[in-house]
Amino acid sequence: MSPQPLPVRCHVVTGKGGTGKTTVAAALALALAAEGHTVLLVECEGRQGIAQLFDTPPLPYEERRVAVTRNGGELRALAIDVEEALLEYLEMFYNLRRAGRALRKMGAVDFATTIAPGLRDVLITGKIKEAVTRRKDGRPVYDAVVVDAPPTGRITRFLNVTGEMAGLARSGPIKTQSDGVMAVLRSPQTAVHLVTLLEDMPVQETADAIAELTAVGLPVGSVVVNMATEPVLPSASLARAAEGRLTGADLAPGLTAAGLPGDGALADALAAEAVEHARRWAAQDALRTRVEALGRPTVELPLLTAPIDLGCLFELAGRLEDHLGAEVAA
Amino acid sequence: MSAAEETPGTPSRPARTARPATDRLAPPLDLAALVADPDTRIIVCCGSGGVGKTTTSAALALAAAEAGRRVVVLTIDPARRLAQSLGLVELDNEPRPVDVPGVPGELHAMMLDMKRTFDDIVVAHSTAERAEQILENPFYQTLSSSFAGTQEYMAMEKLGQLRAGDEWDLIVVDTPPSRSALDFLDAPNRMSRFLDGTMIRLLTAPARAGGRAGFKFASAGFMIFTRIISKILGGQLLRDISAFVAALDTMFGGFRERATATYELLRKPGTWFVVVATPEPDALREASYFVDRLSAEGMPLAGLVLNRTHPPASTTLSATRAEAAAEAVDDGDAVAALAAGVLRVHAERMTLATREQRLADRFTSAHPEVAIRTVPAAAGDVHDLDGLRTMGEALTGADDDTPTGVPRARVLPARRA
């Protein structure tokens, strides 16, 4: 019995550096693989972040299984190597594999991808498109492909390959290739998700990226608020503390009851920390309103204090699964 | 395992274990003396992306101006609001004075325009006609605006220009936002290697030898290369590259010399590096690589700024005791709930600070000679002069001038024997 087909099959995950987009991409891939789907997680910046997350040796340019999920679901991962992708491309379209190897020795491949950074992006997105559209025995090999994409500052250029290559290649196979890639990326089976923190800069960059993506006709998916925290103070005291109206004297009776010195330096210090905590929380809440105003489906993932391991990824995946379920129902 | 053992930083084992009885202390970093010293001419702030290099650079420059010096801060990619507060509304690639009332020195700021800086080099190193050819070449336009490393190379070039003018007491440089702090040091070499490389030389060969005869120097592999490039990208690109390389030919020596000269400038007395990191494993790993690299290159390191730490307001109550007290008191009434909440806030804070201190200690075990200054996290982003001034005080204030008396080289007090 094959599982239900997924509505969106190409998930591109971006975010400002430091927002945890690799972790979110991995958790999203696990969420999609639940219920027996086969999912491919793609890394394109050669950082081997996926291998670190899943605690496996560095990934080669080859689709490797990194996790299994319930009901026979499977997650595979691929680290795209631009040189290998170019050689594969040369072989596929020109039957030039051996010549390609010789060129690589000369440093020509490195040269070509260096002088035309757009070429890099075409090769990577071309590989992603190939994985999304690959079929075997009449059905797609992958139910979904999740891309750990470049950061928000570069995402539109990365995905908008036809625009970027227009200056360099006006006709020929690269043009045809980029047109094919764009057709998949602009279709409703693709969604670009943005990972943010509740901090000024990441929220601003998320807003900018949504505007840029929309302008070139790329489909924006959800906003993922990562590393969200809960206030520790009782809600009744939160607003008062944020206004700075919480003092050591207010804490005295409670602290005395707890067997601690209720007067003096400790009470004042605790009050000061509580005020700072409440202010941080208020600032985050204001940003939460700004995220809502972006008008995209939003999901919050909690800050995990433990170092990220497979268990943590499954925990985050559970939250994303609920979010995806709600999205489909809506 | 007992609860006490689970809490990081709580010494709970007998002293017979391998753990040292006392912490190895990082030396304090005296940035106040560094920015005020007339012999300090260049400060380079580096570190991995997102650690607050730009704000650190701007805050240090402001502190230097407050110490009476004539300072320029070269920023690469400031956040919009910070740029506005420095008066950097337009990107004109020249230093502009920042209006800071009551400052004895002068603060100027500029934002790097990498394409314009590149254009200026081209113009300075060739005839007007040649320069025009190069500037209009589509391949040059790609190279100058999107070649990986152009930004770093141009930042260094601009630094060289600012220093050569000898107009400033102090130049503070923010480095480009790259994943690796090392990119800043590597990019100029990578760029000149690229412009001097085999492929470029093969491409120039026809031009140098004049016409088609030059192709006899080219290998069969190169012929395949040009064929493939034409096939995939179209012949136009190849023609653009050839024309660019031919026009650039006379400038090659110039490029290499400039890159070398600026690199040497970083080794000269009067230049200091300040490495910025947040108390996170990745950022500190990058900082560690960078420190090693500086020492290998013989470049002077002032120290490490550990940015966005969370020192608690009191260090007398441990996380474990605060948590236990919160549990004991929490019986549902409002007074107790408030006390429990506040105690839990403190427990979280102590746990976080303990983690940060442990990461800093790990860095110090690897680099015991590197001086450290911690800068507590502000409640929001630093985006105005007041924010920069507050940060400047945290960077340059006296080492032991904190509410808890914990020296500013640390987040938590050192363990004693």
# chains A, B, ... in the order shown; residues from 1 in each chain; ligands from 1
$ select_by_dssp --residues "range 324-409 of chain B" --states "helix (DSSP H, G or I)" --output "MDAnalysis selection string"
chainID B and resid 324:329 334:366 385:396
$ write_last_selection --atoms "N, CA and C atoms" --output "compact mmCIF listing (two decimals), in the first residue's frame"
# COMPACT_ATOMS: atom_id res chain seq x y z
N ALA B 324 15.53 24.47 43.65
CA ALA B 324 14.98 23.77 44.82
C ALA B 324 14.09 24.70 45.63
N ALA B 325 14.54 25.95 45.82
CA ALA B 325 13.75 26.92 46.59
C ALA B 325 12.43 27.21 45.88
N ALA B 326 12.49 27.30 44.53
CA ALA B 326 11.27 27.57 43.76
C ALA B 326 10.27 26.44 43.97
N GLU B 327 10.77 25.21 43.96
CA GLU B 327 9.91 24.06 44.12
C GLU B 327 9.29 24.05 45.52
N ALA B 328 10.10 24.39 46.52
CA ALA B 328 9.64 24.37 47.91
C ALA B 328 8.55 25.40 48.16
N VAL B 329 8.66 26.57 47.52
CA VAL B 329 7.77 27.66 47.86
C VAL B 329 6.47 27.66 47.03
N ALA B 334 -0.40 33.82 45.09
CA ALA B 334 0.23 34.75 44.15
C ALA B 334 1.63 35.16 44.58
N VAL B 335 1.79 35.42 45.89
CA VAL B 335 3.10 35.84 46.39
C VAL B 335 4.13 34.74 46.15
N ALA B 336 3.71 33.51 46.47
CA ALA B 336 4.61 32.38 46.30
C ALA B 336 4.91 32.14 44.83
N ALA B 337 3.85 32.28 43.99
CA ALA B 337 4.05 32.05 42.56
C ALA B 337 5.06 33.03 41.99
N LEU B 338 4.98 34.29 42.45
CA LEU B 338 5.92 35.30 41.97
C LEU B 338 7.34 34.94 42.39
N ALA B 339 7.49 34.59 43.69
CA ALA B 339 8.83 34.23 44.18
C ALA B 339 9.37 33.03 43.41
N ALA B 340 8.51 32.03 43.18
CA ALA B 340 8.95 30.83 42.46
C ALA B 340 9.37 31.20 41.04
N GLY B 341 8.56 32.05 40.40
CA GLY B 341 8.89 32.47 39.03
C GLY B 341 10.23 33.17 38.98
N VAL B 342 10.43 34.10 39.91
CA VAL B 342 11.67 34.87 39.93
C VAL B 342 12.87 33.94 40.20
N LEU B 343 12.67 32.97 41.08
CA LEU B 343 13.76 32.02 41.36
C LEU B 343 14.07 31.16 40.14
N ARG B 344 13.02 30.83 39.38
CA ARG B 344 13.26 30.03 38.16
C ARG B 344 13.96 30.86 37.09
N VAL B 345 13.60 32.15 37.01
CA VAL B 345 14.32 33.04 36.09
C VAL B 345 15.81 33.02 36.44
N HIS B 346 16.08 33.11 37.74
CA HIS B 346 17.48 33.12 38.17
C HIS B 346 18.17 31.79 37.87
N ALA B 347 17.45 30.68 38.11
CA ALA B 347 18.04 29.36 37.85
C ALA B 347 18.40 29.22 36.37
N GLU B 348 17.49 29.68 35.49
CA GLU B 348 17.78 29.63 34.05
C GLU B 348 19.00 30.46 33.70
N ARG B 349 19.03 31.64 34.31
CA ARG B 349 20.12 32.56 34.04
C ARG B 349 21.46 31.98 34.49
N MET B 350 21.47 31.37 35.67
CA MET B 350 22.71 30.76 36.19
C MET B 350 23.15 29.60 35.29
N THR B 351 22.17 28.82 34.82
CA THR B 351 22.51 27.68 33.96
C THR B 351 23.12 28.17 32.66
N LEU B 352 22.50 29.22 32.10
CA LEU B 352 23.01 29.80 30.86
C LEU B 352 24.41 30.37 31.06
N ALA B 353 24.57 31.14 32.14
CA ALA B 353 25.88 31.75 32.41
C ALA B 353 26.94 30.67 32.64
N THR B 354 26.55 29.58 33.30
CA THR B 354 27.49 28.50 33.55
C THR B 354 27.95 27.87 32.24
N ARG B 355 26.99 27.69 31.34
CA ARG B 355 27.31 27.14 30.02
C ARG B 355 28.27 28.08 29.28
N GLU B 356 27.96 29.38 29.33
CA GLU B 356 28.80 30.35 28.63
C GLU B 356 30.22 30.38 29.20
N GLN B 357 30.28 30.33 30.54
CA GLN B 357 31.60 30.36 31.17
C GLN B 357 32.38 29.10 30.81
N ARG B 358 31.67 27.97 30.76
CA ARG B 358 32.37 26.72 30.44
C ARG B 358 32.95 26.78 29.02
N LEU B 359 32.17 27.35 28.08
CA LEU B 359 32.68 27.48 26.71
C LEU B 359 33.89 28.42 26.67
N ALA B 360 33.82 29.51 27.45
CA ALA B 360 34.94 30.44 27.51
C ALA B 360 36.17 29.75 28.12
N ASP B 361 35.94 28.95 29.16
CA ASP B 361 37.05 28.24 29.80
C ASP B 361 37.72 27.29 28.82
N ARG B 362 36.89 26.64 28.00
CA ARG B 362 37.43 25.70 27.02
C ARG B 362 38.34 26.44 26.05
N PHE B 363 37.88 27.62 25.63
CA PHE B 363 38.69 28.44 24.72
C PHE B 363 40.01 28.80 25.40
N THR B 364 39.92 29.17 26.70
CA THR B 364 41.12 29.59 27.41
C THR B 364 42.09 28.42 27.62
N SER B 365 41.57 27.20 27.80
CA SER B 365 42.52 26.09 27.94
C SER B 365 43.32 25.92 26.66
N ALA B 366 42.70 26.17 25.50
CA ALA B 366 43.42 26.03 24.24
C ALA B 366 44.30 27.24 23.96
N LEU B 385 23.19 55.65 18.68
CA LEU B 385 24.43 56.07 19.33
C LEU B 385 24.42 55.74 20.82
N ASP B 386 23.24 55.85 21.47
CA ASP B 386 23.18 55.51 22.89
C ASP B 386 23.52 54.04 23.10
N GLY B 387 22.97 53.20 22.23
CA GLY B 387 23.26 51.78 22.31
C GLY B 387 24.75 51.51 22.12
N LEU B 388 25.35 52.20 21.16
CA LEU B 388 26.78 52.03 20.91
C LEU B 388 27.60 52.50 22.10
N ARG B 389 27.13 53.59 22.74
CA ARG B 389 27.86 54.12 23.89
C ARG B 389 27.81 53.11 25.03
N THR B 390 26.62 52.52 25.27
CA THR B 390 26.49 51.51 26.32
C THR B 390 27.42 50.34 26.04
N MET B 391 27.44 49.92 24.78
CA MET B 391 28.30 48.81 24.42
C MET B 391 29.78 49.21 24.57
N GLY B 392 30.08 50.45 24.20
CA GLY B 392 31.44 50.96 24.36
C GLY B 392 31.88 50.92 25.81
N GLU B 393 30.96 51.25 26.72
CA GLU B 393 31.30 51.21 28.15
C GLU B 393 31.60 49.77 28.59
N ALA B 394 30.80 48.84 28.09
CA ALA B 394 31.04 47.44 28.44
C ALA B 394 32.38 46.97 27.86
N LEU B 395 32.76 47.52 26.70
CA LEU B 395 34.01 47.10 26.07
C LEU B 395 35.23 47.72 26.74
N THR B 396 35.07 48.98 27.21
CA THR B 396 36.26 49.69 27.66
C THR B 396 36.26 50.00 29.16
$ select_by_dssp --residues "range 267-415 of chain B" --states "strand (DSSP E or B)" --output "PDB file with N, CA and C atoms, in the first residue's frame"
ATOM      1  N   THR B 271      48.936  47.783  14.059  1.00  0.00           N
ATOM      2  CA  THR B 271      47.724  47.061  13.674  1.00  0.00           C
ATOM      3  C   THR B 271      47.398  46.031  14.748  1.00  0.00           C
ATOM      4  N   TRP B 272      46.144  45.987  15.128  1.00  0.00           N
ATOM      5  CA  TRP B 272      45.701  44.992  16.109  1.00  0.00           C
ATOM      6  C   TRP B 272      44.433  44.313  15.639  1.00  0.00           C
ATOM      7  N   PHE B 273      44.350  43.028  15.867  1.00  0.00           N
ATOM      8  CA  PHE B 273      43.134  42.276  15.568  1.00  0.00           C
ATOM      9  C   PHE B 273      42.333  42.070  16.846  1.00  0.00           C
ATOM     10  N   VAL B 274      41.022  42.277  16.741  1.00  0.00           N
ATOM     11  CA  VAL B 274      40.123  41.940  17.834  1.00  0.00           C
ATOM     12  C   VAL B 274      39.183  40.862  17.298  1.00  0.00           C
ATOM     13  N   VAL B 275      39.226  39.692  17.910  1.00  0.00           N
ATOM     14  CA  VAL B 275      38.365  38.605  17.452  1.00  0.00           C
ATOM     15  C   VAL B 275      37.060  38.661  18.238  1.00  0.00           C
ATOM     16  N   VAL B 276      35.937  38.639  17.524  1.00  0.00           N
ATOM     17  CA  VAL B 276      34.631  38.709  18.180  1.00  0.00           C
ATOM     18  C   VAL B 276      33.955  37.342  18.066  1.00  0.00           C
ATOM     19  N   ALA B 277      33.358  36.878  19.166  1.00  0.00           N
ATOM     20  CA  ALA B 277      32.600  35.618  19.128  1.00  0.00           C
ATOM     21  C   ALA B 277      31.452  35.731  20.108  1.00  0.00           C
ATOM     22  N   LEU B 301      47.364  39.970  17.883  1.00  0.00           N
ATOM     23  CA  LEU B 301      46.013  39.789  18.394  1.00  0.00           C
ATOM     24  C   LEU B 301      45.866  40.570  19.696  1.00  0.00           C
ATOM     25  N   ALA B 302      44.872  41.463  19.753  1.00  0.00           N
ATOM     26  CA  ALA B 302      44.625  42.193  21.001  1.00  0.00           C
ATOM     27  C   ALA B 302      43.900  41.273  21.980  1.00  0.00           C
ATOM     28  N   GLY B 303      42.927  40.527  21.495  1.00  0.00           N
ATOM     29  CA  GLY B 303      42.200  39.623  22.371  1.00  0.00           C
ATOM     30  C   GLY B 303      40.845  39.253  21.804  1.00  0.00           C
ATOM     31  N   LEU B 304      40.062  38.580  22.643  1.00  0.00           N
ATOM     32  CA  LEU B 304      38.748  38.088  22.240  1.00  0.00           C
ATOM     33  C   LEU B 304      37.651  38.890  22.926  1.00  0.00           C
ATOM     34  N   VAL B 305      36.712  39.383  22.134  1.00  0.00           N
ATOM     35  CA  VAL B 305      35.502  39.980  22.704  1.00  0.00           C
ATOM     36  C   VAL B 305      34.429  38.900  22.687  1.00  0.00           C
ATOM     37  N   LEU B 306      33.984  38.512  23.869  1.00  0.00           N
ATOM     38  CA  LEU B 306      32.934  37.502  23.971  1.00  0.00           C
ATOM     39  C   LEU B 306      31.624  38.274  24.100  1.00  0.00           C
ATOM     40  N   ASN B 307      30.904  38.354  22.985  1.00  0.00           N
ATOM     41  CA  ASN B 307      29.749  39.247  22.894  1.00  0.00           C
ATOM     42  C   ASN B 307      28.449  38.518  23.267  1.00  0.00           C
ATOM     43  N   ARG B 308      27.516  39.276  23.837  1.00  0.00           N
ATOM     44  CA  ARG B 308      26.195  38.763  24.206  1.00  0.00           C
ATOM     45  C   ARG B 308      26.250  37.644  25.243  1.00  0.00           C
ATOM     46  N   THR B 309      26.913  37.934  26.352  1.00  0.00           N
ATOM     47  CA  THR B 309      26.902  36.991  27.475  1.00  0.00           C
ATOM     48  C   THR B 309      25.733  37.344  28.391  1.00  0.00           C
ATOM     49  N   ILE B 372      40.565  38.274  27.328  1.00  0.00           N
ATOM     50  CA  ILE B 372      39.123  38.219  27.046  1.00  0.00           C
ATOM     51  C   ILE B 372      38.394  39.394  27.682  1.00  0.00           C
ATOM     52  N   ARG B 373      37.385  39.895  26.966  1.00  0.00           N
ATOM     53  CA  ARG B 373      36.454  40.860  27.520  1.00  0.00           C
ATOM     54  C   ARG B 373      35.051  40.378  27.179  1.00  0.00           C
ATOM     55  N   THR B 374      34.204  40.238  28.201  1.00  0.00           N
ATOM     56  CA  THR B 374      32.831  39.829  27.921  1.00  0.00           C
ATOM     57  C   THR B 374      31.955  41.071  27.780  1.00  0.00           C
ATOM     58  N   VAL B 375      30.956  40.996  26.909  1.00  0.00           N
ATOM     59  CA  VAL B 375      30.009  42.092  26.738  1.00  0.00           C
ATOM     60  C   VAL B 375      28.599  41.520  26.913  1.00  0.00           C
ATOM     61  N   PRO B 376      27.904  41.931  27.983  1.00  0.00           N
ATOM     62  CA  PRO B 376      26.560  41.387  28.218  1.00  0.00           C
ATOM     63  C   PRO B 376      25.598  41.726  27.078  1.00  0.00           C
TER      64      PRO B 376
END
$ residues_around --residues "Ile128 in chain A" --least-positions-apart "6" --cutoff "9 Å" --atoms "only C-alpha atoms" --output "PyMOL selection string"
chain A and resi 10+42+145+147+181
